[in-house]
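Enquirer: Next up, data-v7.tsv (TSV, C-alpha atoms).
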chain	number	residue	atom	x	y	z
A	1	MET	CA	-114.88	48.30	-103.23
A	2	SER	CA	-118.45	48.83	-102.12
A	3	TYR	CA	-120.72	51.42	-103.63
A	4	THR	CA	-123.49	53.20	-101.77
A	5	ARG	CA	-126.32	54.98	-103.50
A	6	PRO	CA	-126.81	58.66	-102.57
A	7	LYS	CA	-129.82	59.36	-100.39
A	8	TYR	CA	-130.98	62.24	-102.57
A	9	SER	CA	-130.93	62.50	-106.37
A	10	LYS	CA	-129.19	65.35	-108.19
A	11	GLU	CA	-132.56	66.61	-109.38
A	12	GLN	CA	-133.89	66.81	-105.81
A	13	THR	CA	-130.79	68.66	-104.65
A	14	GLN	CA	-131.05	71.14	-107.54
A	15	ARG	CA	-134.73	71.75	-106.82
A	16	TRP	CA	-134.05	72.32	-103.13
A	17	THR	CA	-131.18	74.68	-103.94
A	18	ALA	CA	-133.46	76.79	-106.13
A	19	GLU	CA	-136.22	76.80	-103.51
A	20	ALA	CA	-133.81	77.85	-100.76
A	21	MET	CA	-132.57	80.70	-102.95
A	22	ILE	CA	-136.15	81.80	-103.67
A	23	VAL	CA	-137.01	81.81	-99.95
A	24	LEU	CA	-133.95	83.95	-99.17
A	25	ALA	CA	-134.61	86.37	-102.04
A	26	GLU	CA	-138.26	86.86	-101.08
A	27	ALA	CA	-137.52	87.28	-97.38
A	28	GLN	CA	-135.28	90.36	-97.86
A	29	ARG	CA	-133.61	89.65	-94.48
A	30	ASP	CA	-131.10	87.31	-92.96
A	31	MET	CA	-132.40	83.90	-91.95
A	32	THR	CA	-131.17	80.80	-90.16
A	33	SER	CA	-131.18	77.42	-91.85
A	34	LYS	CA	-134.27	76.40	-89.88
A	35	GLU	CA	-136.16	79.56	-90.91
A	36	ILE	CA	-135.30	78.90	-94.55
A	37	GLN	CA	-136.62	75.35	-94.26
A	38	GLN	CA	-139.87	76.62	-92.75
A	39	GLY	CA	-140.24	79.06	-95.65
A	40	ASP	CA	-141.04	76.31	-98.18
A	41	LEU	CA	-142.98	73.09	-97.69
A	42	ASP	CA	-140.60	71.09	-99.90
A	43	LEU	CA	-137.62	72.00	-97.69
A	44	ILE	CA	-139.16	70.82	-94.43
A	45	GLY	CA	-138.19	67.14	-94.81
A	46	ILE	CA	-134.50	67.79	-95.53
A	47	THR	CA	-131.96	66.92	-92.85
A	48	PRO	CA	-130.09	69.86	-91.27
A	49	GLN	CA	-126.81	68.53	-92.71
A	50	LYS	CA	-128.19	68.51	-96.26
A	51	MET	CA	-129.64	72.00	-95.82
A	52	THR	CA	-126.25	73.26	-94.63
A	53	ARG	CA	-124.55	71.71	-97.67
A	54	ILE	CA	-127.06	73.36	-99.99
A	55	LEU	CA	-126.59	76.77	-98.35
A	56	ASN	CA	-122.78	76.46	-98.36
A	57	GLU	CA	-122.95	75.66	-102.07
A	58	LEU	CA	-124.86	78.92	-102.61
A	59	VAL	CA	-122.25	80.78	-100.54
A	60	ASP	CA	-119.44	79.28	-102.65
A	61	LYS	CA	-121.22	80.43	-105.83
A	62	GLY	CA	-121.49	83.99	-104.45
A	63	LEU	CA	-125.29	84.07	-104.38
A	64	VAL	CA	-125.59	84.07	-100.59
A	65	VAL	CA	-123.57	85.56	-97.74
A	66	LYS	CA	-123.34	83.90	-94.35
A	67	SER	CA	-122.38	85.27	-90.97
A	68	LYS	CA	-122.60	84.16	-87.38
A	69	GLY	CA	-125.44	85.73	-85.41
A	70	LYS	CA	-125.50	86.74	-81.77
A	71	SER	CA	-127.20	83.45	-80.92
A	72	GLY	CA	-124.24	81.52	-82.34
A	73	LEU	CA	-126.26	80.25	-85.31
A	74	MET	CA	-125.29	80.93	-88.90
A	75	HIS	CA	-127.44	83.48	-90.73
A	76	TYR	CA	-127.77	83.57	-94.51
A	77	LYS	CA	-128.74	86.52	-96.70
A	78	ALA	CA	-129.19	86.76	-100.47
A	79	MET	CA	-126.57	88.83	-102.28
A	80	GLY	CA	-129.34	90.66	-104.14
A	81	THR	CA	-130.75	91.90	-100.83
A	82	ILE	CA	-127.32	93.09	-99.71
A	83	LEU	CA	-126.85	95.02	-102.94
A	84	LYS	CA	-130.33	96.61	-102.62
A	85	GLU	CA	-129.42	97.77	-99.12
A	86	GLY	CA	-126.48	99.69	-100.62
A	87	TYR	CA	-123.60	97.58	-99.32
A	88	VAL	CA	-120.53	96.99	-101.45
A	89	PRO	CA	-119.54	93.29	-101.23
A	90	ALA	CA	-115.84	94.05	-101.78
A	91	GLU	CA	-115.78	96.27	-98.69
A	92	MET	CA	-117.70	93.92	-96.40
A	93	VAL	CA	-116.04	92.10	-93.51
A	94	TYR	CA	-117.51	88.63	-92.93
Taking this structure as input, can you express it in the form of structure tokens?

Expert:
Amino acid sequence: MSYTRPKYSKEQTQRWTAEAMIVLAEAQRDMTSKEIQQGDLDLIGITPQKMTRILNELVDKGLVVKSKGKSGLMHYKAMGTILKEGYVPAEMVY
């Protein structure tokens, strides 16, 4: 059985996850994956697939909400922003 080394270390992935969350929290609006990457210099070199995995991890943890925009692209928004806007997460339709 062959073993391949991961392209990114766990520490890198954790750092990028935190930076993506910070960008979303500071933006106070919904953003696409590309906009999130452009919000922090460290996120620019990440592949779109890795960025999507990071954002889906945040969605699974309940820190971010995603929805499909009119353009067909996925938009992500921090849960803190949604709560500040007065929405109740239990009543939201995704």

Enquirer: Measure the distance from CA of His75 (chain A) to CA of Pro6 (chain A) in Å and round it to one decimal.

Expert: 27.5 Å

Enquirer: Suppose you want the space between CA of Gly80 (chain A) and CA of Val64 (chain A); what is it in Å?

Expert: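 Separation of CA of Gly80 (chain A) and CA of Val64 (chain A): 8.4 Å.
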
Enquirer: Using only C-alpha atoms for the distances, tell me which of A:Glu19, A:Leu24, A:Thr52, A:Thr32 is nearest to Lys70 (chain A).

Expert: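 So, comparing all the options, the nearest one is A:Thr32.
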
Enquirer: Need to verify the contact set: Met79 (chain A), 10 Å, only C-alpha atoms, exclusion of same-chain residues closer than 4 positions in sequence. Can you return it as a count of residues only?

Expert: 14

Enquirer: Enter the distance from CA of Asp60 (chain A) to CA of Met21 (chain A), in Å, rounded to one decimal.

Expert: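 CA of Met21 (chain A) lies at a distance of 13.2 Å from CA of Asp60 (chain A).
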
Enquirer: List every protein, DNA or RNA residue that has an atom no more than 9 Å from (-139.7, 80.4, -96.6) in the file's coordinate frame, counting all atoms listed in the file, and report them as a PyMOL selection string.

Expert: chain A and resi 19-20+22-24+26-27+35-41+43

Enquirer: Would you export the selected residues with C-alpha atoms as an mmCIF file, in the coordinates of the input, please?

Expert:
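This went into out.cif:
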data_model
loop_
_atom_site.group_PDB
_atom_site.id
_atom_site.type_symbol
_atom_site.label_atom_id
_atom_site.label_comp_id
_atom_site.auth_asym_id
_atom_site.auth_seq_id
_atom_site.Cartn_x
_atom_site.Cartn_y
_atom_site.Cartn_z
ATOM 1 C CA GLU A 19 -136.220 76.800 -103.510
ATOM 2 C CA ALA A 20 -133.810 77.850 -100.760
ATOM 3 C CA ILE A 22 -136.150 81.800 -103.670
ATOM 4 C CA VAL A 23 -137.010 81.810 -99.950
ATOM 5 C CA LEU A 24 -133.950 83.950 -99.170
ATOM 6 C CA GLU A 26 -138.260 86.860 -101.080
ATOM 7 C CA ALA A 27 -137.520 87.280 -97.380
ATOM 8 C CA GLU A 35 -136.160 79.560 -90.910
ATOM 9 C CA ILE A 36 -135.300 78.900 -94.550
ATOM 10 C CA GLN A 37 -136.620 75.350 -94.260
ATOM 11 C CA GLN A 38 -139.870 76.620 -92.750
ATOM 12 C CA GLY A 39 -140.240 79.060 -95.650
ATOM 13 C CA ASP A 40 -141.040 76.310 -98.180
ATOM 14 C CA LEU A 41 -142.980 73.090 -97.690
ATOM 15 C CA LEU A 43 -137.620 72.000 -97.690
#

Enquirer: Around all listed atoms of region 35-40 of chain A, padded 6 Å per side, what centre and edge lengths does the axis-aligned box have in Å to one decimal, as JSON?

Expert:
{"center_x": -138.2, "center_y": 77.5, "center_z": -94.5, "size_x": 17.7, "size_y": 16.2, "size_z": 19.3}

Enquirer: Go through A:Ser67, A:Gln49, A:Ile44, A:Val88 and flag the residue nearest Trp16 (chain A), using only C-alpha atoms for the distances.

Expert: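 When distances to Trp16 (chain A) are compared using only C-alpha atoms, the smallest one comes from A:Ile44.
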